[in-house]
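Chemist: Structure: query14.pdb, PDB, C-alpha atoms.
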ATOM      1  CA  MET N   1     -30.755  36.557   2.295  1.00  0.00           C
ATOM      2  CA  ALA N   2     -27.817  34.538   0.927  1.00  0.00           C
ATOM      3  CA  THR N   3     -25.839  32.430   3.386  1.00  0.00           C
ATOM      4  CA  LYS N   4     -22.273  33.607   3.837  1.00  0.00           C
ATOM      5  CA  GLN N   5     -19.552  31.248   2.669  1.00  0.00           C
ATOM      6  CA  LYS N   6     -17.362  30.026   5.517  1.00  0.00           C
ATOM      7  CA  ILE N   7     -13.562  30.206   5.465  1.00  0.00           C
ATOM      8  CA  LEU N   8     -11.479  28.280   8.009  1.00  0.00           C
ATOM      9  CA  ILE N   9      -8.174  30.080   8.628  1.00  0.00           C
ATOM     10  CA  VAL N  10      -5.416  27.855  10.043  1.00  0.00           C
ATOM     11  CA  ASP N  11      -2.271  29.742  11.092  1.00  0.00           C
ATOM     12  CA  ASP N  12      -0.176  29.668  14.278  1.00  0.00           C
ATOM     13  CA  ASP N  13       0.575  33.385  13.872  1.00  0.00           C
ATOM     14  CA  ASN N  14      -2.606  34.915  15.239  1.00  0.00           C
ATOM     15  CA  ASN N  15      -1.726  38.393  13.942  1.00  0.00           C
ATOM     16  CA  ILE N  16      -1.592  37.106  10.365  1.00  0.00           C
ATOM     17  CA  ALA N  17      -4.756  35.078  10.902  1.00  0.00           C
ATOM     18  CA  GLU N  18      -6.637  38.102  12.248  1.00  0.00           C
ATOM     19  CA  LEU N  19      -5.473  40.206   9.295  1.00  0.00           C
ATOM     20  CA  ILE N  20      -6.659  37.564   6.805  1.00  0.00           C
ATOM     21  CA  SER N  21      -9.975  37.362   8.649  1.00  0.00           C
ATOM     22  CA  LEU N  22     -10.371  41.129   8.386  1.00  0.00           C
ATOM     23  CA  TYR N  23      -9.805  41.080   4.604  1.00  0.00           C
ATOM     24  CA  LEU N  24     -12.300  38.265   4.090  1.00  0.00           C
ATOM     25  CA  THR N  25     -14.933  39.646   6.456  1.00  0.00           C
ATOM     26  CA  LYS N  26     -14.929  42.885   4.440  1.00  0.00           C
ATOM     27  CA  GLU N  27     -15.778  40.719   1.395  1.00  0.00           C
ATOM     28  CA  CYS N  28     -18.782  39.248   3.271  1.00  0.00           C
ATOM     29  CA  PHE N  29     -17.228  35.899   4.160  1.00  0.00           C
ATOM     30  CA  ASP N  30     -17.744  34.240   7.538  1.00  0.00           C
ATOM     31  CA  THR N  31     -14.415  33.228   9.102  1.00  0.00           C
ATOM     32  CA  LYS N  32     -13.101  31.046  11.895  1.00  0.00           C
ATOM     33  CA  ILE N  33      -9.495  31.099  13.146  1.00  0.00           C
ATOM     34  CA  VAL N  34      -7.580  28.139  14.626  1.00  0.00           C
ATOM     35  CA  ASN N  35      -3.872  28.018  15.477  1.00  0.00           C
ATOM     36  CA  ASP N  36      -2.742  24.387  15.259  1.00  0.00           C
ATOM     37  CA  GLY N  37      -3.308  21.203  13.256  1.00  0.00           C
ATOM     38  CA  GLU N  38      -5.372  19.251  15.780  1.00  0.00           C
ATOM     39  CA  GLU N  39      -7.682  22.219  16.316  1.00  0.00           C
ATOM     40  CA  ALA N  40      -7.958  22.567  12.515  1.00  0.00           C
ATOM     41  CA  LEU N  41      -9.193  18.980  12.120  1.00  0.00           C
ATOM     42  CA  ARG N  42     -11.786  19.461  14.858  1.00  0.00           C
ATOM     43  CA  ALA N  43     -12.931  22.778  13.356  1.00  0.00           C
ATOM     44  CA  PHE N  44     -13.179  21.170   9.899  1.00  0.00           C
ATOM     45  CA  GLU N  45     -15.727  18.686  11.272  1.00  0.00           C
ATOM     46  CA  GLN N  46     -17.688  21.193  13.342  1.00  0.00           C
ATOM     47  CA  TYR N  47     -17.515  24.395  11.258  1.00  0.00           C
ATOM     48  CA  ASN N  48     -18.000  22.691   7.855  1.00  0.00           C
ATOM     49  CA  PRO N  49     -16.102  25.383   5.898  1.00  0.00           C
ATOM     50  CA  ASN N  50     -16.507  26.140   2.189  1.00  0.00           C
ATOM     51  CA  LEU N  51     -12.728  26.681   1.923  1.00  0.00           C
ATOM     52  CA  ILE N  52      -9.648  26.227   4.125  1.00  0.00           C
ATOM     53  CA  LEU N  53      -6.661  28.608   4.211  1.00  0.00           C
ATOM     54  CA  LEU N  54      -3.966  26.322   5.596  1.00  0.00           C
ATOM     55  CA  ASP N  55      -0.532  27.355   6.846  1.00  0.00           C
ATOM     56  CA  LEU N  56       2.109  24.630   6.421  1.00  0.00           C
ATOM     57  CA  MET N  57       4.252  25.279   9.499  1.00  0.00           C
ATOM     58  CA  LEU N  58       1.959  24.432  12.391  1.00  0.00           C
ATOM     59  CA  PRO N  59       2.741  23.133  15.896  1.00  0.00           C
ATOM     60  CA  GLY N  60       1.958  19.441  16.339  1.00  0.00           C
ATOM     61  CA  ILE N  61       0.294  18.204  13.160  1.00  0.00           C
ATOM     62  CA  ASP N  62       1.698  20.191  10.236  1.00  0.00           C
ATOM     63  CA  GLY N  63      -0.275  21.561   7.294  1.00  0.00           C
ATOM     64  CA  TYR N  64       0.676  18.695   4.990  1.00  0.00           C
ATOM     65  CA  GLN N  65      -0.838  16.124   7.373  1.00  0.00           C
ATOM     66  CA  VAL N  66      -3.930  18.269   7.921  1.00  0.00           C
ATOM     67  CA  CYS N  67      -4.372  18.406   4.127  1.00  0.00           C
ATOM     68  CA  ARG N  68      -4.024  14.592   3.876  1.00  0.00           C
ATOM     69  CA  GLU N  69      -6.638  13.971   6.558  1.00  0.00           C
ATOM     70  CA  VAL N  70      -9.118  16.503   5.182  1.00  0.00           C
ATOM     71  CA  ARG N  71      -8.694  15.117   1.653  1.00  0.00           C
ATOM     72  CA  ALA N  72      -9.409  11.594   2.905  1.00  0.00           C
ATOM     73  CA  LYS N  73     -12.859  12.792   3.984  1.00  0.00           C
ATOM     74  CA  ALA N  74     -13.929  15.617   1.666  1.00  0.00           C
ATOM     75  CA  ASN N  75     -13.168  17.681  -1.416  1.00  0.00           C
ATOM     76  CA  VAL N  76     -13.419  21.055   0.332  1.00  0.00           C
ATOM     77  CA  PRO N  77     -11.029  23.461  -1.460  1.00  0.00           C
ATOM     78  CA  ILE N  78      -7.712  24.153   0.268  1.00  0.00           C
ATOM     79  CA  ILE N  79      -5.284  27.021  -0.319  1.00  0.00           C
ATOM     80  CA  MET N  80      -1.907  26.430   1.314  1.00  0.00           C
ATOM     81  CA  LEU N  81      -0.015  29.369   2.831  1.00  0.00           C
ATOM     82  CA  SER N  82       3.716  29.168   3.404  1.00  0.00           C
ATOM     83  CA  ALA N  83       6.922  31.145   3.718  1.00  0.00           C
ATOM     84  CA  LYS N  84       8.555  28.298   1.805  1.00  0.00           C
ATOM     85  CA  GLY N  85       8.959  29.073  -1.879  1.00  0.00           C
ATOM     86  CA  GLU N  86      10.728  25.975  -3.152  1.00  0.00           C
ATOM     87  CA  ILE N  87       9.155  24.185  -6.131  1.00  0.00           C
ATOM     88  CA  PHE N  88       9.232  20.921  -4.148  1.00  0.00           C
ATOM     89  CA  ASP N  89       6.994  22.365  -1.439  1.00  0.00           C
ATOM     90  CA  LYS N  90       4.513  23.710  -3.974  1.00  0.00           C
ATOM     91  CA  VAL N  91       4.330  20.447  -5.911  1.00  0.00           C
ATOM     92  CA  LEU N  92       4.029  18.376  -2.726  1.00  0.00           C
ATOM     93  CA  GLY N  93       1.173  20.568  -1.543  1.00  0.00           C
ATOM     94  CA  LEU N  94      -0.656  20.180  -4.850  1.00  0.00           C
ATOM     95  CA  GLU N  95      -0.051  16.436  -4.923  1.00  0.00           C
ATOM     96  CA  LEU N  96      -1.590  16.118  -1.468  1.00  0.00           C
ATOM     97  CA  GLY N  97      -4.752  17.756  -2.790  1.00  0.00           C
ATOM     98  CA  ALA N  98      -4.316  21.499  -2.288  1.00  0.00           C
ATOM     99  CA  ASP N  99      -6.031  23.681  -4.887  1.00  0.00           C
ATOM    100  CA  ASP N 100      -3.618  26.588  -4.741  1.00  0.00           C
ATOM    101  CA  TYR N 101      -0.433  27.675  -2.969  1.00  0.00           C
ATOM    102  CA  MET N 102       0.464  31.180  -1.804  1.00  0.00           C
ATOM    103  CA  MET N 103       3.781  32.414  -0.480  1.00  0.00           C
ATOM    104  CA  LYS N 104       4.050  34.751   2.494  1.00  0.00           C
ATOM    105  CA  PRO N 105       4.054  37.673   2.542  1.00  0.00           C
ATOM    106  CA  PHE N 106       1.120  38.022   0.157  1.00  0.00           C
ATOM    107  CA  ASP N 107      -0.957  40.917  -1.101  1.00  0.00           C
ATOM    108  CA  SER N 108      -4.409  41.099   0.508  1.00  0.00           C
ATOM    109  CA  LYS N 109      -6.181  41.735  -2.802  1.00  0.00           C
ATOM    110  CA  GLU N 110      -4.471  38.740  -4.404  1.00  0.00           C
ATOM    111  CA  LEU N 111      -5.472  36.506  -1.478  1.00  0.00           C
ATOM    112  CA  VAL N 112      -9.112  37.543  -1.738  1.00  0.00           C
ATOM    113  CA  ALA N 113      -9.027  37.093  -5.534  1.00  0.00           C
ATOM    114  CA  ARG N 114      -7.634  33.587  -5.219  1.00  0.00           C
ATOM    115  CA  VAL N 115     -10.206  32.626  -2.585  1.00  0.00           C
ATOM    116  CA  LYS N 116     -13.018  33.811  -4.855  1.00  0.00           C
ATOM    117  CA  ALA N 117     -11.498  32.092  -7.921  1.00  0.00           C
ATOM    118  CA  VAL N 118     -11.135  28.740  -6.138  1.00  0.00           C
ATOM    119  CA  LEU N 119     -14.676  28.930  -4.755  1.00  0.00           C
ATOM    120  CA  ARG N 120     -16.033  29.668  -8.245  1.00  0.00           C
ATOM    121  CA  ARG N 121     -14.316  26.584  -9.602  1.00  0.00           C
ATOM    122  CA  TYR N 122     -16.023  24.474  -6.950  1.00  0.00           C
ATOM    123  CA  GLN N 123     -19.477  25.643  -8.012  1.00  0.00           C
ATOM    124  CA  PRO N 124     -20.761  23.636 -10.997  1.00  0.00           C
ATOM    125  CA  ALA N 125     -22.012  25.864 -13.788  1.00  0.00           C
ATOM    126  CA  LYS N 126     -25.734  26.506 -13.704  1.00  0.00           C
ATOM    127  CA  VAL N 127     -27.688  24.783 -16.439  1.00  0.00           C
ATOM    128  CA  GLU N 128     -30.405  26.889 -18.001  1.00  0.00           C
ATOM    129  CA  GLU N 129     -33.841  25.282 -17.810  1.00  0.00           C
ATOM    130  CA  ASN N 130     -34.320  25.464 -21.557  1.00  0.00           C
ATOM    131  CA  ASN N 131     -30.916  23.923 -22.254  1.00  0.00           C
ATOM    132  CA  THR N 132     -31.485  20.249 -22.940  1.00  0.00           C
ATOM    133  CA  GLU N 133     -27.928  19.558 -24.087  1.00  0.00           C
ATOM    134  CA  LEU N 134     -26.319  16.957 -21.869  1.00  0.00           C
ATOM    135  CA  LYS N 135     -22.602  17.576 -21.400  1.00  0.00           C
ATOM    136  CA  CYS N 136     -21.505  13.974 -21.312  1.00  0.00           C
ATOM    137  CA  VAL N 137     -18.863  11.873 -23.060  1.00  0.00           C
ATOM    138  CA  LYS N 138     -18.982   8.092 -23.212  1.00  0.00           C
ATOM    139  CA  TYR N 139     -16.290   5.557 -24.014  1.00  0.00           C
ATOM    140  CA  PRO N 140     -16.045   1.839 -23.252  1.00  0.00           C
ATOM    141  CA  ASP N 141     -16.073   1.531 -19.434  1.00  0.00           C
ATOM    142  CA  LEU N 142     -15.965   5.320 -18.961  1.00  0.00           C
ATOM    143  CA  VAL N 143     -18.702   7.961 -18.698  1.00  0.00           C
ATOM    144  CA  VAL N 144     -17.805  11.557 -17.806  1.00  0.00           C
ATOM    145  CA  ASN N 145     -20.855  13.733 -17.156  1.00  0.00           C
ATOM    146  CA  LEU N 146     -20.195  17.439 -16.723  1.00  0.00           C
ATOM    147  CA  SER N 147     -23.902  18.201 -16.261  1.00  0.00           C
ATOM    148  CA  ASN N 148     -24.064  16.484 -12.879  1.00  0.00           C
ATOM    149  CA  TYR N 149     -20.310  16.255 -12.193  1.00  0.00           C
ATOM    150  CA  SER N 150     -20.087  12.479 -12.125  1.00  0.00           C
ATOM    151  CA  VAL N 151     -17.650   9.887 -13.460  1.00  0.00           C
ATOM    152  CA  ILE N 152     -18.481   6.219 -13.943  1.00  0.00           C
ATOM    153  CA  TYR N 153     -15.464   3.973 -14.519  1.00  0.00           C
ATOM    154  CA  ASN N 154     -15.798   0.205 -14.975  1.00  0.00           C
ATOM    155  CA  GLY N 155     -19.393   0.519 -13.839  1.00  0.00           C
ATOM    156  CA  GLN N 156     -18.509   2.221 -10.549  1.00  0.00           C
ATOM    157  CA  PRO N 157     -18.765   5.909  -9.561  1.00  0.00           C
ATOM    158  CA  VAL N 158     -15.408   7.617  -9.010  1.00  0.00           C
ATOM    159  CA  ASP N 159     -15.093  10.389  -6.423  1.00  0.00           C
ATOM    160  CA  MET N 160     -13.334  13.261  -8.170  1.00  0.00           C
ATOM    161  CA  PRO N 161     -12.833  16.959  -7.306  1.00  0.00           C
ATOM    162  CA  PRO N 162     -14.349  19.403  -9.812  1.00  0.00           C
ATOM    163  CA  LYS N 163     -11.096  20.464 -11.479  1.00  0.00           C
ATOM    164  CA  GLU N 164     -10.016  16.869 -12.083  1.00  0.00           C
ATOM    165  CA  LEU N 165     -13.400  16.074 -13.596  1.00  0.00           C
ATOM    166  CA  GLU N 166     -13.383  19.214 -15.744  1.00  0.00           C
ATOM    167  CA  LEU N 167      -9.886  18.399 -17.006  1.00  0.00           C
ATOM    168  CA  LEU N 168     -10.871  14.815 -17.865  1.00  0.00           C
ATOM    169  CA  TYR N 169     -14.050  15.976 -19.602  1.00  0.00           C
ATOM    170  CA  PHE N 170     -12.236  18.666 -21.583  1.00  0.00           C
ATOM    171  CA  LEU N 171      -9.661  16.195 -22.889  1.00  0.00           C
ATOM    172  CA  ALA N 172     -12.155  13.373 -23.505  1.00  0.00           C
ATOM    173  CA  ALA N 173     -14.537  15.713 -25.350  1.00  0.00           C
ATOM    174  CA  SER N 174     -11.809  16.331 -27.949  1.00  0.00           C
ATOM    175  CA  PRO N 175     -10.341  12.862 -28.572  1.00  0.00           C
ATOM    176  CA  ASN N 176      -6.822  12.686 -30.033  1.00  0.00           C
ATOM    177  CA  GLN N 177      -6.433  16.479 -29.911  1.00  0.00           C
ATOM    178  CA  VAL N 178      -3.213  17.639 -28.281  1.00  0.00           C
ATOM    179  CA  PHE N 179      -3.405  20.479 -25.744  1.00  0.00           C
ATOM    180  CA  THR N 180      -0.444  22.317 -24.247  1.00  0.00           C
ATOM    181  CA  ARG N 181      -0.247  22.748 -20.505  1.00  0.00           C
ATOM    182  CA  GLU N 182      -0.817  26.484 -20.978  1.00  0.00           C
ATOM    183  CA  GLN N 183      -4.027  25.814 -22.956  1.00  0.00           C
ATOM    184  CA  LEU N 184      -5.291  23.466 -20.247  1.00  0.00           C
ATOM    185  CA  LEU N 185      -4.504  26.003 -17.519  1.00  0.00           C
ATOM    186  CA  ASP N 186      -6.455  28.653 -19.442  1.00  0.00           C
ATOM    187  CA  HIS N 187      -9.474  26.429 -20.164  1.00  0.00           C
ATOM    188  CA  ILE N 188      -9.795  24.727 -16.766  1.00  0.00           C
ATOM    189  CA  TRP N 189      -8.427  27.236 -14.279  1.00  0.00           C
ATOM    190  CA  GLY N 190      -9.143  30.462 -16.131  1.00  0.00           C
ATOM    191  CA  TYR N 191      -7.055  33.528 -16.816  1.00  0.00           C
ATOM    192  CA  GLU N 192      -7.252  34.685 -13.197  1.00  0.00           C
ATOM    193  CA  TYR N 193      -5.397  31.631 -11.972  1.00  0.00           C
ATOM    194  CA  ILE N 194      -1.879  32.587 -10.935  1.00  0.00           C
ATOM    195  CA  GLY N 195      -0.027  29.297 -11.066  1.00  0.00           C
ATOM    196  CA  ASP N 196       2.385  27.313 -13.163  1.00  0.00           C
ATOM    197  CA  THR N 197       2.048  24.419 -15.560  1.00  0.00           C
ATOM    198  CA  ARG N 198       3.072  21.899 -12.884  1.00  0.00           C
ATOM    199  CA  THR N 199      -0.497  22.250 -11.642  1.00  0.00           C
ATOM    200  CA  VAL N 200      -1.663  20.479 -14.812  1.00  0.00           C
ATOM    201  CA  ASP N 201       0.907  17.696 -14.358  1.00  0.00           C
ATOM    202  CA  VAL N 202      -0.219  17.099 -10.780  1.00  0.00           C
ATOM    203  CA  HIS N 203      -3.879  16.827 -11.783  1.00  0.00           C
ATOM    204  CA  VAL N 204      -3.104  14.477 -14.675  1.00  0.00           C
ATOM    205  CA  LYS N 205      -1.155  12.310 -12.216  1.00  0.00           C
ATOM    206  CA  ARG N 206      -4.177  12.176  -9.909  1.00  0.00           C
ATOM    207  CA  LEU N 207      -6.451  11.250 -12.817  1.00  0.00           C
ATOM    208  CA  ARG N 208      -4.137   8.402 -13.837  1.00  0.00           C
ATOM    209  CA  GLU N 209      -4.254   7.027 -10.311  1.00  0.00           C
ATOM    210  CA  LYS N 210      -8.052   6.820 -10.546  1.00  0.00           C
ATOM    211  CA  ILE N 211      -8.593   6.121 -14.262  1.00  0.00           C
ATOM    212  CA  LYS N 212      -6.252   3.486 -15.692  1.00  0.00           C
ATOM    213  CA  ASP N 213      -5.481   3.204 -19.412  1.00  0.00           C
ATOM    214  CA  HIS N 214      -8.044   1.176 -21.363  1.00  0.00           C
ATOM    215  CA  ALA N 215      -7.589  -1.013 -24.429  1.00  0.00           C
ATOM    216  CA  ASN N 216      -9.556   1.564 -26.452  1.00  0.00           C
ATOM    217  CA  TRP N 217      -8.451   4.825 -24.870  1.00  0.00           C
ATOM    218  CA  SER N 218      -5.816   6.402 -22.628  1.00  0.00           C
ATOM    219  CA  LEU N 219      -4.730   9.686 -21.085  1.00  0.00           C
ATOM    220  CA  ALA N 220      -1.536  10.190 -23.059  1.00  0.00           C
ATOM    221  CA  THR N 221       1.466  12.457 -22.598  1.00  0.00           C
ATOM    222  CA  VAL N 222       2.756  14.202 -25.709  1.00  0.00           C
ATOM    223  CA  TRP N 223       6.350  14.801 -24.692  1.00  0.00           C
ATOM    224  CA  GLY N 224       7.491  18.394 -24.870  1.00  0.00           C
ATOM    225  CA  ILE N 225       3.959  19.638 -25.602  1.00  0.00           C
ATOM    226  CA  GLY N 226       1.199  18.505 -23.250  1.00  0.00           C
ATOM    227  CA  TYR N 227      -1.575  15.915 -23.104  1.00  0.00           C
ATOM    228  CA  LYS N 228      -4.337  14.298 -25.127  1.00  0.00           C
ATOM    229  CA  PHE N 229      -7.130  11.791 -24.631  1.00  0.00           C
ATOM    230  CA  GLU N 230      -6.002   9.150 -27.097  1.00  0.00           C
ATOM    231  CA  VAL N 231      -8.684   6.970 -28.656  1.00  0.00           C
ATOM    232  CA  LYS N 232      -7.485   3.916 -30.515  1.00  0.00           C
ATOM    233  CA  GLU N 233      -9.081   2.807 -33.761  1.00  0.00           C
ATOM    234  CA  LEU N 234     -11.274  -0.263 -33.313  1.00  0.00           C
TER     235      LEU N 234
END
Give the structure from the file, written as structure tokens.
Modeler:
Amino acid sequence: MATKQKILIVDDDNNIAELISLYLTKECFDTKIVNDGEEALRAFEQYNPNLILLDLMLPGIDGYQVCREVRAKANVPIIMLSAKGEIFDKVLGLELGADDYMMKPFDSKELVARVKAVLRRYQPAKVEENNTELKCVKYPDLVVNLSNYSVIYNGQPVDMPPKELELLYFLAASPNQVFTREQLLDHIWGYEYIGDTRTVDVHVKRLREKIKDHANWSLATVWGIGYKFEVKEL
């Protein structure tokens, strides 16, 4: 019997939290509800969730700080929930490490769809036993291996969430090819992702913080179009 995936629901409005729990329980998820930031951090350690639904406006420690502290310890996927709809709030949430952002009120079917989509992205693709092809790209001081989801930079492993790694691999596997933000959203996040192109910008920013430009290659912006993994002629 398959183990149920666990969803931690963090919302100070218990009625909303109970409603979300009902939707997810019907889809065979296991859920746990907490109502403030401190309780969320304790539950994260004890419950070990597969995904966190995190409200931003919480008493005490707010959702942004909870996201920071969780991200400092683990790459568990986080979907932020908020009545705030400003672009700044969305971008800040993504920059802090959230995987998606939903505005209240939201449709129950859309919430469940987003939860399932984010969880799928955090499950590395299964490699068939008879498939000997190694999905790996190598450059001076950089190895990106999609088969085992690892990145080696300057001889050291780099901790990287799946979407960041997939984005880096996709670009590096097609050196000097320019991709629009829309193309990258489609390839990395899939058609079911309901987001905007700022998501791509945020993830490229995170990659640049971890992987600095090299003498032989760089993660380059093509202004007005998108991005490319630029490889310089030796």
Chemist: Could you state which residues are captured by the PyMOL selection byres ((chain N and resi 228) around 7) in this file, as an MDAnalysis selection string?
Modeler: chainID N and resid 171 176:179 219:221 227 229:230
Chemist: Can you translate the PyMOL selection byres ((chain N and resi 21) around 10) into the concrete residues it hits in this file, as a ChimeraX atom specification?
Modeler: /N:7-9,15-20,22-27,29-33
Chemist: Which value, in Å to one decimal, gives the distance between CA of Glu164 in chain N and CA of Met103 in chain N?
Modeler: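 Going from CA of Glu164 in chain N over to CA of Met103 in chain N covers 23.8 Å.
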Chemist: Just want the 12 Å neighbourhood of Glu166 in chain N, counted on only C-alpha atoms, with same-chain residues fewer than 5 positions away dropped. Output as a PyMOL selection string.
Modeler: chain N and resi 121-125+135-137+144-151+160-161+171-173+184-185+187-189+200+203-204+207
Chemist: Neighbourhood query: residues within 10 Å of (-17.5, 25.2, -1.2), file coordinates, counting only C-alpha atoms; return as a list of chain:residue names.
Modeler: N:Gln5, N:Lys6, N:Ile7, N:Asn48, N:Pro49, N:Asn50, N:Leu51, N:Ile52, N:Asn75, N:Val76, N:Pro77, N:Ile78, N:Val118, N:Leu119, N:Arg120, N:Arg121, N:Tyr122, N:Gln123
Chemist: Pick the closest to Val158 in chain N from N:Met57, N:Leu142, N:His214, N:Gly224: which is it, counting all atoms listed in the file?
Modeler: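 Comparing N:Met57, N:Leu142, N:His214, N:Gly224 against Val158 in chain N, the winner is N:Leu142.
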Chemist: For Ile61 in chain N, please output as a PyMOL selection string all residues within 9 Å (counting all atoms listed in the file; exclusion window: fewer than 5 positions along the same chain).
Modeler: chain N and resi 36-38+66
Chemist: Just write the chosen residues, C-alpha atoms, as a PDB file, in the frame of the given file.
Modeler:
ATOM      1  CA  ASP N  36      -2.742  24.387  15.259  1.00  0.00           C
ATOM      2  CA  GLY N  37      -3.308  21.203  13.256  1.00  0.00           C
ATOM      3  CA  GLU N  38      -5.372  19.251  15.780  1.00  0.00           C
ATOM      4  CA  VAL N  66      -3.930  18.269   7.921  1.00  0.00           C
TER       5      VAL N  66
END
Chemist: With a distance cut-off of 6 Å and only C-alpha atoms, select the neighbouring residues of Met80 in chain N, excluding the residue or stretch itself and same-chain residues fewer than 2 positions from it, and output the selection as a list in words.
Modeler: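 Surrounding residues, per the criterion: Leu53, Leu54, Asp55 and Tyr101 of chain N.
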Chemist: Would you compute the distance between CA of Asp186 in chain N and CA of Lys116 in chain N? Give it in Å to one decimal.
Modeler: 16.8 Å
Chemist: Rank nothing, just name the residue among N:Ile225, N:Ile79, N:Val115, N:Ala74 nearest to Asp100 in chain N, using all atoms listed in the file.
Modeler: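 Once distances to Asp100 in chain N are computed over all atoms listed in the file, the minimum belongs to N:Ile79.
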Chemist: Could you tell me how far CA of Val222 in chain N lies from CA of Gly155 in chain N, in Å and to one decimal?
Modeler: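 These atoms are spaced 28.6 Å apart.
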Chemist: Using all atoms listed in the file, can you tell me which of N:Gln183, N:Cys28, N:Lys205, N:Asp12 comes closest to Asp62 in chain N?
Modeler: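 Counting all atoms listed in the file, the residue closest to Asp62 in chain N is N:Asp12.
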Chemist: Under the rule that all atoms listed in the file are counted, which of N:Pro157, N:Gly63, N:Pro140, N:Gly226 is the nearest residue to Ala98 in chain N?
Modeler: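 Of the candidates, the smallest distance to Ala98 in chain N is held by N:Gly63.
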Chemist: Might I get the box with edges along x, y and z of the file that holds all atoms of range 165-183 of chain N listed there, padded by 6 Å on every side, given as centre and edge lengths in Å to one decimal, as JSON?
Modeler:
{"center_x": -7.4, "center_y": 19.6, "center_z": -21.8, "size_x": 26.3, "size_y": 25.8, "size_z": 28.4}
Chemist: I'd like to know which of N:Val231, N:Leu81, N:Leu168, N:Cys67 is closest to Lys210 in chain N, using all atoms listed in the file.
Modeler: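 Closest to Lys210 in chain N, using all atoms listed in the file: N:Leu168.
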Chemist: Using all atoms listed in the file for the distances, tell me which of N:Leu94, N:Ile211, N:Val34, N:Ala40 is nearest to Tyr153 in chain N.
Modeler: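 Ranking N:Leu94, N:Ile211, N:Val34, N:Ala40 by distance to Tyr153 in chain N, first place goes to N:Ile211.
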